[in-house]
$ cat protein11.pdb   # PDB, C-alpha atoms and all ligand atoms
ATOM      1  CA  MET A 160       1.230 -16.520  -6.193
ATOM      2  CA  GLU A 161       1.951 -15.639  -9.826
ATOM      3  CA  HIS A 162       1.530 -11.848  -9.671
ATOM      4  CA  PHE A 163       0.875  -9.310  -6.901
ATOM      5  CA  ILE A 164      -1.924  -7.099  -8.204
ATOM      6  CA  SER A 165      -4.541  -6.759  -5.462
ATOM      7  CA  ILE A 166      -4.992  -7.933  -1.878
ATOM      8  CA  ALA A 167      -8.456  -9.051  -3.035
ATOM      9  CA  ASP A 168      -6.769 -11.844  -5.031
ATOM     10  CA  LEU A 169      -5.086 -13.315  -1.941
ATOM     11  CA  SER A 170      -6.367 -15.658   0.722
ATOM     12  CA  ALA A 171      -5.741 -14.848   4.375
ATOM     13  CA  GLU A 172      -3.160 -17.673   4.337
ATOM     14  CA  GLU A 173      -1.310 -16.025   1.435
ATOM     15  CA  ILE A 174      -1.297 -12.664   3.238
ATOM     16  CA  TRP A 175       0.150 -14.394   6.295
ATOM     17  CA  GLN A 176       2.764 -16.082   4.091
ATOM     18  CA  LEU A 177       3.902 -12.608   2.962
ATOM     19  CA  LEU A 178       3.831 -11.240   6.523
ATOM     20  CA  ASN A 179       5.801 -14.191   7.885
ATOM     21  CA  GLN A 180       8.390 -13.815   5.117
ATOM     22  CA  ALA A 181       8.653 -10.089   5.834
ATOM     23  CA  LYS A 182       9.207 -10.811   9.523
ATOM     24  CA  ALA A 183      11.797 -13.528   8.873
ATOM     25  CA  LEU A 184      13.713 -11.299   6.454
ATOM     26  CA  LYS A 185      13.530  -8.317   8.822
ATOM     27  CA  ASP A 186      14.875 -10.448  11.682
ATOM     28  CA  GLU A 187      17.625 -11.882   9.442
ATOM     29  CA  TRP A 188      18.599  -8.382   8.269
ATOM     30  CA  ARG A 189      18.760  -7.121  11.868
ATOM     31  CA  GLU A 190      20.993 -10.028  12.810
ATOM     32  CA  GLY A 191      23.635  -9.013  10.280
ATOM     33  CA  GLY A 192      22.242  -9.223   6.761
ATOM     34  CA  ASN A 193      20.087 -11.187   4.369
ATOM     35  CA  GLU A 194      21.008 -14.351   2.513
ATOM     36  CA  PRO A 195      21.323 -13.627  -1.243
ATOM     37  CA  ILE A 196      18.139 -15.503  -2.150
ATOM     38  CA  LEU A 197      17.658 -13.369  -5.293
ATOM     39  CA  LYS A 198      21.288 -13.602  -6.463
ATOM     40  CA  GLY A 199      21.566 -12.671 -10.122
ATOM     41  CA  LYS A 200      17.882 -11.715 -10.398
ATOM     42  CA  VAL A 201      16.777  -8.377 -11.808
ATOM     43  CA  LEU A 202      13.622  -6.387 -11.026
ATOM     44  CA  GLY A 203      12.463  -3.901 -13.676
ATOM     45  CA  MET A 204      10.730  -0.939 -12.016
ATOM     46  CA  VAL A 205       8.414   1.060 -14.275
ATOM     47  CA  PHE A 206       7.239   4.390 -12.871
ATOM     48  CA  GLN A 207       4.583   6.674 -14.362
ATOM     49  CA  LYS A 208       4.439   8.719 -11.132
ATOM     50  CA  PRO A 209       6.920  10.026  -8.527
ATOM     51  CA  SER A 210       7.980   7.885  -5.561
ATOM     52  CA  LEU A 211      10.330   7.914  -2.588
ATOM     53  CA  ARG A 212       9.353   4.895  -0.496
ATOM     54  CA  THR A 213       8.314   2.447  -3.212
ATOM     55  CA  ARG A 214      11.265   3.169  -5.473
ATOM     56  CA  VAL A 215      13.940   3.128  -2.779
ATOM     57  CA  SER A 216      12.556   0.228  -0.728
ATOM     58  CA  PHE A 217      12.297  -2.074  -3.753
ATOM     59  CA  ASP A 218      15.759  -1.045  -4.959
ATOM     60  CA  VAL A 219      17.355  -1.621  -1.547
ATOM     61  CA  ALA A 220      15.371  -4.840  -0.982
ATOM     62  CA  MET A 221      16.740  -6.276  -4.245
ATOM     63  CA  LEU A 222      20.277  -5.229  -3.252
ATOM     64  CA  HIS A 223      19.979  -6.805   0.227
ATOM     65  CA  LEU A 224      18.686 -10.052  -1.311
ATOM     66  CA  GLY A 225      21.582 -10.287  -3.787
ATOM     67  CA  GLY A 226      19.765  -9.036  -6.883
ATOM     68  CA  HIS A 227      19.545  -5.801  -8.816
ATOM     69  CA  ALA A 228      16.796  -3.288  -9.591
ATOM     70  CA  LEU A 229      16.466  -1.168 -12.729
ATOM     71  CA  TYR A 230      14.659   2.163 -12.344
ATOM     72  CA  LEU A 231      12.742   3.085 -15.492
ATOM     73  CA  SER A 232      11.488   6.654 -15.165
ATOM     74  CA  PRO A 233       8.211   8.027 -16.571
ATOM     75  CA  ASN A 234      10.115   9.551 -19.503
ATOM     76  CA  GLU A 235      11.846   6.330 -20.550
ATOM     77  CA  ILE A 236       9.159   3.728 -21.169
ATOM     78  CA  ARG A 237       6.174   6.056 -21.622
ATOM     79  CA  LEU A 238       3.862   3.113 -21.005
ATOM     80  CA  GLY A 239       1.133   2.890 -23.636
ATOM     81  CA  GLN A 240       2.414   5.994 -25.450
ATOM     82  CA  ARG A 241       5.734   5.013 -27.036
ATOM     83  CA  GLU A 242       4.529   1.439 -27.442
ATOM     84  CA  SER A 243       1.623  -0.635 -26.229
ATOM     85  CA  VAL A 244       1.462  -1.855 -22.641
ATOM     86  CA  ALA A 245       1.316  -5.433 -23.928
ATOM     87  CA  ASP A 246       4.507  -4.998 -25.962
ATOM     88  CA  VAL A 247       6.306  -3.404 -23.006
ATOM     89  CA  ALA A 248       5.382  -6.489 -20.944
ATOM     90  CA  ARG A 249       6.434  -8.881 -23.710
ATOM     91  CA  VAL A 250       9.835  -7.209 -24.180
ATOM     92  CA  LEU A 251      10.716  -6.280 -20.596
ATOM     93  CA  SER A 252       9.875  -9.767 -19.328
ATOM     94  CA  ARG A 253      12.478 -11.237 -21.724
ATOM     95  CA  TYR A 254      15.172  -9.280 -19.833
ATOM     96  CA  VAL A 255      14.154  -9.234 -16.182
ATOM     97  CA  ASP A 256      12.937 -11.716 -13.561
ATOM     98  CA  GLY A 257      10.177  -9.512 -12.167
ATOM     99  CA  ILE A 258       8.381  -6.273 -13.037
ATOM    100  CA  MET A 259       7.181  -3.712 -10.524
ATOM    101  CA  ALA A 260       5.035  -0.927 -11.970
ATOM    102  CA  ARG A 261       3.450   2.265 -10.648
ATOM    103  CA  VAL A 262       0.757   3.431 -13.041
ATOM    104  CA  PHE A 263      -2.248   5.688 -13.427
ATOM    105  CA  ALA A 264      -4.792   3.291 -14.985
ATOM    106  CA  HIS A 265      -5.198   0.046 -13.040
ATOM    107  CA  ASP A 266      -5.946  -1.665 -16.335
ATOM    108  CA  HIS A 267      -2.294  -1.125 -17.304
ATOM    109  CA  ILE A 268      -1.193  -3.317 -14.377
ATOM    110  CA  LEU A 269      -3.667  -5.981 -15.509
ATOM    111  CA  GLN A 270      -2.351  -5.770 -19.079
ATOM    112  CA  LEU A 271       1.269  -6.010 -17.912
ATOM    113  CA  ALA A 272       0.422  -9.141 -15.931
ATOM    114  CA  GLU A 273      -1.477 -10.667 -18.822
ATOM    115  CA  HIS A 274       1.426 -10.304 -21.250
ATOM    116  CA  SER A 275       4.433 -10.754 -18.954
ATOM    117  CA  ARG A 276       6.380 -14.002 -18.622
ATOM    118  CA  VAL A 277       7.579 -12.961 -15.156
ATOM    119  CA  PRO A 278       5.760 -11.879 -11.968
ATOM    120  CA  VAL A 279       4.227  -8.397 -11.993
ATOM    121  CA  ILE A 280       3.985  -6.381  -8.772
ATOM    122  CA  ASN A 281       1.556  -3.461  -8.486
ATOM    123  CA  GLY A 282       3.511  -0.546  -6.988
ATOM    124  CA  LEU A 283       0.324   1.627  -6.896
ATOM    125  CA  SER A 284      -2.400   2.339  -9.406
ATOM    126  CA  ASP A 285      -5.306   4.768  -9.296
ATOM    127  CA  TYR A 286      -7.380   1.882  -7.880
ATOM    128  CA  ASN A 287      -5.199   0.345  -5.192
ATOM    129  CA  HIS A 288      -1.825   0.104  -3.411
ATOM    130  CA  PRO A 289      -1.344  -3.486  -2.227
ATOM    131  CA  CYS A 290       2.378  -3.222  -1.299
ATOM    132  CA  GLN A 291       1.451  -0.426   1.096
ATOM    133  CA  ALA A 292      -1.266  -2.545   2.709
ATOM    134  CA  ILE A 293       1.133  -5.435   3.351
ATOM    135  CA  ALA A 294       3.583  -3.069   5.066
ATOM    136  CA  ASP A 295       0.671  -1.582   7.021
ATOM    137  CA  VAL A 296      -0.726  -4.840   8.379
ATOM    138  CA  PHE A 297       2.839  -5.933   9.125
ATOM    139  CA  THR A 298       3.260  -2.751  11.191
ATOM    140  CA  ILE A 299      -0.069  -3.293  12.979
ATOM    141  CA  TRP A 300       0.943  -6.899  13.747
ATOM    142  CA  GLU A 301       4.266  -5.678  15.201
ATOM    143  CA  LYS A 302       2.704  -2.897  17.273
ATOM    144  CA  ARG A 303      -0.579  -4.484  18.389
ATOM    145  CA  GLY A 304      -0.377  -8.218  17.655
ATOM    146  CA  ASP A 305      -2.749 -10.185  15.420
ATOM    147  CA  PRO A 306      -4.939  -7.670  13.538
ATOM    148  CA  LYS A 307      -8.005  -9.923  13.916
ATOM    149  CA  GLY A 308     -10.611  -8.172  16.070
ATOM    150  CA  LEU A 309      -8.818  -4.799  16.083
ATOM    151  CA  LYS A 310     -10.542  -1.730  14.611
ATOM    152  CA  LEU A 311      -8.834   0.311  11.896
ATOM    153  CA  ALA A 312     -10.373   3.719  11.180
ATOM    154  CA  TYR A 313      -9.413   5.368   7.920
ATOM    155  CA  VAL A 314     -10.208   9.084   7.756
ATOM    156  CA  GLY A 315     -10.143  10.914   4.435
ATOM    157  CA  ASP A 316     -10.478  10.106   0.758
ATOM    158  CA  GLY A 317     -11.805   6.686  -0.317
ATOM    159  CA  ASN A 318      -8.731   6.308  -2.526
ATOM    160  CA  ASN A 319      -6.260   3.618  -3.656
ATOM    161  CA  VAL A 320      -4.692   3.300  -0.192
ATOM    162  CA  ALA A 321      -8.124   2.996   1.451
ATOM    163  CA  VAL A 322      -9.157   0.264  -1.008
ATOM    164  CA  SER A 323      -6.141  -1.937  -0.262
ATOM    165  CA  LEU A 324      -6.523  -1.368   3.476
ATOM    166  CA  LEU A 325     -10.197  -2.369   3.252
ATOM    167  CA  PHE A 326      -9.215  -5.617   1.520
ATOM    168  CA  ALA A 327      -6.349  -6.389   3.924
ATOM    169  CA  ALA A 328      -8.473  -5.655   6.991
ATOM    170  CA  THR A 329     -11.480  -7.675   5.893
ATOM    171  CA  LYS A 330      -9.357 -10.623   4.737
ATOM    172  CA  LEU A 331      -7.637 -10.750   8.147
ATOM    173  CA  GLY A 332     -10.737 -10.224  10.299
ATOM    174  CA  MET A 333      -9.895  -6.647  11.318
ATOM    175  CA  HIS A 334     -12.834  -4.240  11.647
ATOM    176  CA  PHE A 335     -12.683  -1.409   9.110
ATOM    177  CA  ALA A 336     -14.301   2.017   9.455
ATOM    178  CA  ILE A 337     -14.020   4.827   6.947
ATOM    179  CA  GLY A 338     -15.000   8.436   7.616
ATOM    180  CA  ASN A 339     -14.942  10.387   4.362
ATOM    181  CA  PRO A 340     -16.638  13.480   2.930
ATOM    182  CA  PRO A 341     -19.774  12.913   0.825
ATOM    183  CA  GLY A 342     -18.712  12.301  -2.772
ATOM    184  CA  TYR A 343     -15.380  10.756  -1.779
ATOM    185  CA  ASP A 344     -16.611   7.268  -0.898
ATOM    186  CA  LEU A 345     -14.799   4.020  -1.544
ATOM    187  CA  PRO A 346     -15.524   2.711  -5.057
ATOM    188  CA  ALA A 347     -18.731   0.650  -4.913
ATOM    189  CA  ASP A 348     -17.085  -2.470  -6.388
ATOM    190  CA  ALA A 349     -14.317  -2.397  -3.782
ATOM    191  CA  LEU A 350     -16.816  -1.952  -0.949
ATOM    192  CA  ALA A 351     -18.881  -4.892  -2.235
ATOM    193  CA  LEU A 352     -15.763  -7.086  -2.311
ATOM    194  CA  GLY A 353     -14.793  -5.942   1.172
ATOM    195  CA  GLN A 354     -18.277  -6.790   2.448
ATOM    196  CA  ARG A 355     -17.931 -10.319   1.073
ATOM    197  CA  PHE A 356     -14.482 -10.766   2.673
ATOM    198  CA  ALA A 357     -15.809  -9.358   5.952
ATOM    199  CA  GLN A 358     -18.611 -11.918   6.029
ATOM    200  CA  GLU A 359     -16.061 -14.676   5.558
ATOM    201  CA  SER A 360     -13.595 -13.403   8.188
ATOM    202  CA  GLY A 361     -16.054 -12.009  10.748
ATOM    203  CA  SER A 362     -14.949  -8.384  10.492
ATOM    204  CA  GLN A 363     -17.317  -5.430  10.453
ATOM    205  CA  ILE A 364     -17.316  -2.498   8.042
ATOM    206  CA  LEU A 365     -18.576   0.962   8.954
ATOM    207  CA  THR A 366     -18.897   3.679   6.297
ATOM    208  CA  THR A 367     -19.784   7.134   7.556
ATOM    209  CA  HIS A 368     -19.358  10.803   6.744
ATOM    210  CA  ASP A 369     -18.698  11.515  10.414
ATOM    211  CA  PRO A 370     -14.979  11.289  11.255
ATOM    212  CA  VAL A 371     -15.705  11.067  15.002
ATOM    213  CA  GLU A 372     -17.996   8.071  14.492
ATOM    214  CA  ALA A 373     -15.307   6.407  12.358
ATOM    215  CA  VAL A 374     -12.483   6.773  14.899
ATOM    216  CA  THR A 375     -14.515   5.984  18.029
ATOM    217  CA  ASN A 376     -12.739   3.165  19.895
ATOM    218  CA  ALA A 377     -10.323   2.594  17.008
ATOM    219  CA  ASP A 378      -7.030   0.777  17.620
ATOM    220  CA  VAL A 379      -5.513   2.247  14.456
ATOM    221  CA  VAL A 380      -6.234   5.692  12.998
ATOM    222  CA  TYR A 381      -5.060   6.020   9.402
ATOM    223  CA  THR A 382      -5.059   8.900   6.946
ATOM    224  CA  ASP A 383      -3.671   9.789   3.522
ATOM    225  CA  THR A 384      -3.448  12.816   1.260
ATOM    226  CA  TRP A 385      -6.667  14.553   0.237
ATOM    227  CA  THR A 386      -5.425  14.826  -3.363
ATOM    228  CA  SER A 387      -3.729  11.807  -4.900
ATOM    229  CA  MET A 388      -1.222  11.820  -7.744
ATOM    230  CA  GLY A 389      -3.086  12.544 -10.967
ATOM    231  CA  GLN A 390      -5.857  14.571  -9.261
ATOM    232  CA  GLU A 391      -3.904  17.809  -8.967
ATOM    233  CA  GLU A 392      -6.506  19.855 -10.856
ATOM    234  CA  GLU A 393      -9.039  19.009  -8.083
ATOM    235  CA  GLN A 394      -6.757  20.255  -5.315
ATOM    236  CA  ALA A 395      -8.592  23.524  -4.558
ATOM    237  CA  LYS A 396     -12.009  21.838  -4.578
ATOM    238  CA  ARG A 397     -10.794  19.105  -2.248
ATOM    239  CA  ALA A 398      -9.031  21.552   0.064
ATOM    240  CA  ALA A 399     -12.421  23.183   0.687
ATOM    241  CA  VAL A 400     -14.167  19.902   1.590
ATOM    242  CA  PHE A 401     -11.663  17.861   3.574
ATOM    243  CA  PRO A 402     -10.596  20.026   6.612
ATOM    244  CA  PRO A 403     -13.214  18.459   8.977
ATOM    245  CA  TYR A 404     -11.465  15.133   8.233
ATOM    246  CA  GLN A 405      -8.063  16.249   9.514
ATOM    247  CA  VAL A 406      -6.414  13.793  11.924
ATOM    248  CA  ASN A 407      -5.554  16.082  14.830
ATOM    249  CA  SER A 408      -5.306  15.664  18.594
ATOM    250  CA  SER A 409      -8.964  16.516  19.094
ATOM    251  CA  LEU A 410     -10.137  13.769  16.706
ATOM    252  CA  LEU A 411      -7.684  11.336  18.267
ATOM    253  CA  THR A 412      -9.324  11.667  21.705
ATOM    254  CA  HIS A 413     -12.199   9.542  20.346
ATOM    255  CA  ALA A 414      -9.932   6.589  19.531
ATOM    256  CA  ARG A 415      -8.655   4.152  22.125
ATOM    257  CA  PRO A 416      -6.020   5.777  24.356
ATOM    258  CA  ASP A 417      -3.391   3.335  23.043
ATOM    259  CA  ALA A 418      -4.390   3.772  19.376
ATOM    260  CA  ILE A 419      -1.580   4.052  16.850
ATOM    261  CA  VAL A 420      -1.612   6.646  14.065
ATOM    262  CA  MET A 421      -0.593   5.670  10.549
ATOM    263  CA  HIS A 422      -0.088   7.434   7.213
ATOM    264  CA  CYS A 423       1.343   5.895   4.043
ATOM    265  CA  LEU A 424       3.263   9.158   3.372
ATOM    266  CA  PRO A 425       4.017  11.559   1.777
ATOM    267  CA  ALA A 426       2.189  13.617   4.419
ATOM    268  CA  HIS A 427       0.846  17.100   3.879
ATOM    269  CA  ARG A 428       1.358  18.413   7.362
ATOM    270  CA  GLY A 429      -1.290  20.885   8.443
ATOM    271  CA  GLN A 430      -3.771  19.364   6.000
ATOM    272  CA  GLU A 431      -4.756  15.697   6.538
ATOM    273  CA  ILE A 432      -2.551  15.405   9.647
ATOM    274  CA  THR A 433      -1.144  17.904  12.125
ATOM    275  CA  ASP A 434       2.511  18.045  13.144
ATOM    276  CA  GLU A 435       1.403  17.391  16.706
ATOM    277  CA  VAL A 436      -0.096  14.028  15.767
ATOM    278  CA  ALA A 437       2.455  13.053  13.085
ATOM    279  CA  ASP A 438       5.302  13.631  15.553
ATOM    280  CA  GLY A 439       3.379  12.622  18.678
ATOM    281  CA  PRO A 440       3.700   9.548  20.881
ATOM    282  CA  GLN A 441       0.979   7.588  19.065
ATOM    283  CA  SER A 442       2.496   8.054  15.614
ATOM    284  CA  VAL A 443       4.184   5.033  13.998
ATOM    285  CA  LEU A 444       4.685   6.800  10.650
ATOM    286  CA  PHE A 445       8.395   6.164  10.260
ATOM    287  CA  ASP A 446       8.376   2.565  11.516
ATOM    288  CA  GLN A 447       5.586   2.071   8.981
ATOM    289  CA  ALA A 448       7.730   3.640   6.243
ATOM    290  CA  GLU A 449      10.708   1.438   7.223
ATOM    291  CA  ASN A 450       8.470  -1.608   7.016
ATOM    292  CA  ARG A 451       7.932  -0.949   3.313
ATOM    293  CA  LEU A 452      11.482  -2.339   2.928
ATOM    294  CA  HIS A 453      10.767  -5.507   4.887
ATOM    295  CA  ALA A 454       7.365  -6.019   3.259
ATOM    296  CA  GLN A 455       8.863  -5.650  -0.242
ATOM    297  CA  LYS A 456      11.410  -8.327   0.670
ATOM    298  CA  GLY A 457       8.599 -10.659   1.685
ATOM    299  CA  ILE A 458       6.759  -9.999  -1.579
ATOM    300  CA  LEU A 459       9.928 -10.444  -3.677
ATOM    301  CA  ALA A 460      10.922 -13.634  -1.840
ATOM    302  CA  VAL A 461       7.521 -15.220  -2.417
ATOM    303  CA  LEU A 462       7.184 -14.136  -6.062
ATOM    304  CA  MET A 463      10.767 -14.317  -7.327
ATOM    305  CA  GLY A 464      12.627 -16.436  -4.810
ATOM    306  CA  THR A 465      12.512 -20.043  -3.831
ATOM    307  CA  ARG A 466      10.761 -19.472  -0.503
TER     308      ARG A 466
HETATM  309  N1  LIG B 501       3.710   5.414   0.405
HETATM  310  C1  LIG B 501       4.266   5.419  -0.824
HETATM  311  O1  LIG B 501       3.958   4.595  -1.716
HETATM  312  O2  LIG B 501       5.218   6.376  -0.988
HETATM  313  P1  LIG B 501       5.922   6.780  -2.360
HETATM  314  O3  LIG B 501       4.869   7.417  -3.226
HETATM  315  O4  LIG B 501       7.009   7.737  -1.972
HETATM  316  O5  LIG B 501       6.463   5.532  -3.015
HETATM  317  N1  LIG B 502      -3.149   8.146  -2.399
HETATM  318  C1  LIG B 502      -1.793   8.575  -2.668
HETATM  319  C2  LIG B 502      -0.811   7.591  -2.143
HETATM  320  C3  LIG B 502       0.637   7.929  -2.352
HETATM  321  C4  LIG B 502       1.554   6.882  -1.858
HETATM  322  C5  LIG B 502      -1.613   8.802  -4.151
HETATM  323  O1  LIG B 502      -2.076   7.973  -4.944
HETATM  324  O2  LIG B 502      -1.013   9.816  -4.533
END

$ encode --input "protein11.pdb" --output "structure tokens" --more "lines below"
Ligand code: CP
Ligand code: NVA
Amino acid sequence: MEHFISIADLSAEEIWQLLNQAKALKDEWREGGNEPILKGKVLGMVFQKPSLRTRVSFDVAMLHLGGHALYLSPNEIRLGQRESVADVARVLSRYVDGIMARVFAHDHILQLAEHSRVPVINGLSDYNHPCQAIADVFTIWEKRGDPKGLKLAYVGDGNNVAVSLLFAATKLGMHFAIGNPPGYDLPADALALGQRFAQESGSQILTTHDPVEAVTNADVVYTDTWTSMGQEEEQAKRAAVFPPYQVNSSLLTHARPDAIVMHCLPAHRGQEITDEVADGPQSVLFDQAENRLHAQKGILAVLMGTR
């Protein structure tokens, strides 16, 4: 695994390699601390957008594994504005052992990878969010066992988080349903890829504009913000369209009684999810957020370590 750009690039075996590493490193950490397998290594973290989970979990993961992380804020590098994306990759990769970047244009992640001498990790682009999906399937594996044959229902915008979940689900043989408003579908290219992966793994994909149909008999109910970072000018328009897609206790009655509820966070309580559900007995939101730390360790160990 040279870079970590999209779940679509990985085989099911490679996803399981990351999940197994995440589990081993979580267990090791719980038993008293991690071995310094990244001693002396530095991760450069380039951010064009805000972050709590991604920034802190990568920083702490590097610290726990004996390395160091450098936070490079949107105002410092000014990717593609102060200098070209290719030159940023050429220069930064002379200093650090890995680059993690959160960008607007997905093409900037591809350009970083093309011109970097060290592994590049996609910490979210407008197209996808693969680190989130690894933490998510890790959480599903912990809570419900092997994801194969389970049904994940995503309710809301066909956005970056939905794309990576589609890929992770269909690579691992998990059924994937999406209930989204008309006009907010998954990108057609991502859906076509997911359909190919689903054929190979035996999972089924359901796309619908009916949130009840999507969540019926689901084992996992997942939602995300209606307005992603960079879409702020569409907020009012989206706020008028998305309310029927709120994950609330009434919608949840259509899922399996033991279904878990997930959200990548940050949550907009009272919009895509109610307090009652976010804080209710089926919610795994904060275990899921914690697992970003363990998943990042798995990704770092495979890309930058000797494991
Ligand atoms: N879920 C997630 O990526 O959160 P942050 O935007 O806070 O990193
Ligand atoms: N879809 C959201 C995810 C945030 C982690 C966004 O891109 O803003």

$ atom_distance --input "protein11.pdb" --atom1 "atom CA of Gln207 of chain A" --atom2 "atom CA of Gln394 of chain A"
19.9 Å

$ resolve_selection --input "protein11.pdb" --expression "the PyMOL selection byres (((not hetatm)) within 9 of (chain B and resi 501))" --output "count of residues only"
23

$ closest_residue --input "protein11.pdb" --among "A:Ser165, A:Thr465, A:Ser387, A:Gln441" --to "ligand LIG 502 (chain B)" --atoms "all atoms listed in the file"
A:Ser387

$ resolve_selection --input "protein11.pdb" --expression "the PyMOL selection byres (((chain A and resi 340-349) around 6) and not hetatm)" --output "VMD selection string"
chain A and resid 316 to 317 339 350 to 352 368

$ closest_residue --input "protein11.pdb" --among "A:Asn450, A:Gln405, A:Ser362, A:Ser284" --to "ligand LIG 502 (chain B)" --atoms "only C-alpha atoms and all ligand atoms"
A:Ser284

$ resolve_selection --input "protein11.pdb" --expression "the PyMOL selection byres (((chain A and resi 366) around 8) and not hetatm)" --output "compact mmCIF listing (two decimals) with C-alpha atoms, in the coordinates of the input"
# COMPACT_ATOMS: atom_id res chain seq x y z
CA ALA A 336 -14.30 2.02 9.46
CA ILE A 337 -14.02 4.83 6.95
CA GLY A 338 -15.00 8.44 7.62
CA ILE A 364 -17.32 -2.50 8.04
CA LEU A 365 -18.58 0.96 8.95
CA THR A 367 -19.78 7.13 7.56
CA HIS A 368 -19.36 10.80 6.74
CA ALA A 373 -15.31 6.41 12.36

$ residues_around --input "protein11.pdb" --residues "segment 302-309 of chain A" --least-positions-apart "4" --cutoff "9 Å" --atoms "only C-alpha atoms" --output "MDAnalysis selection string"
chainID A and resid 296:298 328 331:335 360:362 377:379 419 443

$ residues_around --input "protein11.pdb" --residues "Gly353 of chain A" --least-positions-apart "6" --cutoff "9 Å" --atoms "only C-alpha atoms" --output "list of chain:residue names"
A:Ala167, A:Val322, A:Leu325, A:Phe326, A:Ala327, A:Ala328, A:Thr329, A:Lys330, A:Ile364

$ residues_around --input "protein11.pdb" --residues "segment 181-188 of chain A" --least-positions-apart "2" --cutoff "9 Å" --atoms "all atoms listed in the file" --output "PDB file with C-alpha atoms, in the frame of the given file"
ATOM      1  CA  GLN A 176       2.764 -16.082   4.091  1.00  0.00           C
ATOM      2  CA  LEU A 177       3.902 -12.608   2.962  1.00  0.00           C
ATOM      3  CA  LEU A 178       3.831 -11.240   6.523  1.00  0.00           C
ATOM      4  CA  ASN A 179       5.801 -14.191   7.885  1.00  0.00           C
ATOM      5  CA  GLU A 190      20.993 -10.028  12.810  1.00  0.00           C
ATOM      6  CA  GLY A 191      23.635  -9.013  10.280  1.00  0.00           C
ATOM      7  CA  GLY A 192      22.242  -9.223   6.761  1.00  0.00           C
ATOM      8  CA  ASN A 193      20.087 -11.187   4.369  1.00  0.00           C
ATOM      9  CA  GLU A 194      21.008 -14.351   2.513  1.00  0.00           C
ATOM     10  CA  HIS A 223      19.979  -6.805   0.227  1.00  0.00           C
ATOM     11  CA  ALA A 294       3.583  -3.069   5.066  1.00  0.00           C
ATOM     12  CA  PHE A 297       2.839  -5.933   9.125  1.00  0.00           C
ATOM     13  CA  ASN A 450       8.470  -1.608   7.016  1.00  0.00           C
ATOM     14  CA  LEU A 452      11.482  -2.339   2.928  1.00  0.00           C
ATOM     15  CA  HIS A 453      10.767  -5.507   4.887  1.00  0.00           C
ATOM     16  CA  ALA A 454       7.365  -6.019   3.259  1.00  0.00           C
ATOM     17  CA  GLN A 455       8.863  -5.650  -0.242  1.00  0.00           C
ATOM     18  CA  LYS A 456      11.410  -8.327   0.670  1.00  0.00           C
ATOM     19  CA  GLY A 457       8.599 -10.659   1.685  1.00  0.00           C
ATOM     20  CA  ILE A 458       6.759  -9.999  -1.579  1.00  0.00           C
ATOM     21  CA  ALA A 460      10.922 -13.634  -1.840  1.00  0.00           C
TER      22      ALA A 460
END

$ closest_residue --input "protein11.pdb" --among "A:Met204, A:Ala321, A:Ala437, A:Val461" --to "ligand LIG 502 (chain B)" --atoms "only C-alpha atoms and all ligand atoms"
A:Ala321

$ axis_aligned_box --input "protein11.pdb" --around "ligand LIG 502 (chain B)" --padding-each-side "4 Å" --output "AutoDock Vina command-line options"
--center_x -0.8 --center_y 8.3 --center_z -3.4 --size_x 12.7 --size_y 10.9 --size_z 11.1

$ atom_distance --input "protein11.pdb" --atom1 "atom CA of Ser442 of chain A" --atom2 "atom CA of Leu411 of chain A"
11.0 Å

$ residues_around --input "protein11.pdb" --residues "Tyr230 of chain A" --least-positions-apart "5" --cutoff "10 Å" --atoms "all atoms listed in the file" --output "list in words"
Leu202, Gly203, Met204, Val205, Phe206, Arg214, Val215, Phe217, Asp218, Glu235 and Met259 of chain A

$ atom_distance --input "protein11.pdb" --atom1 "atom CA of Val255 of chain A" --atom2 "atom CA of Leu197 of chain A"
12.2 Å
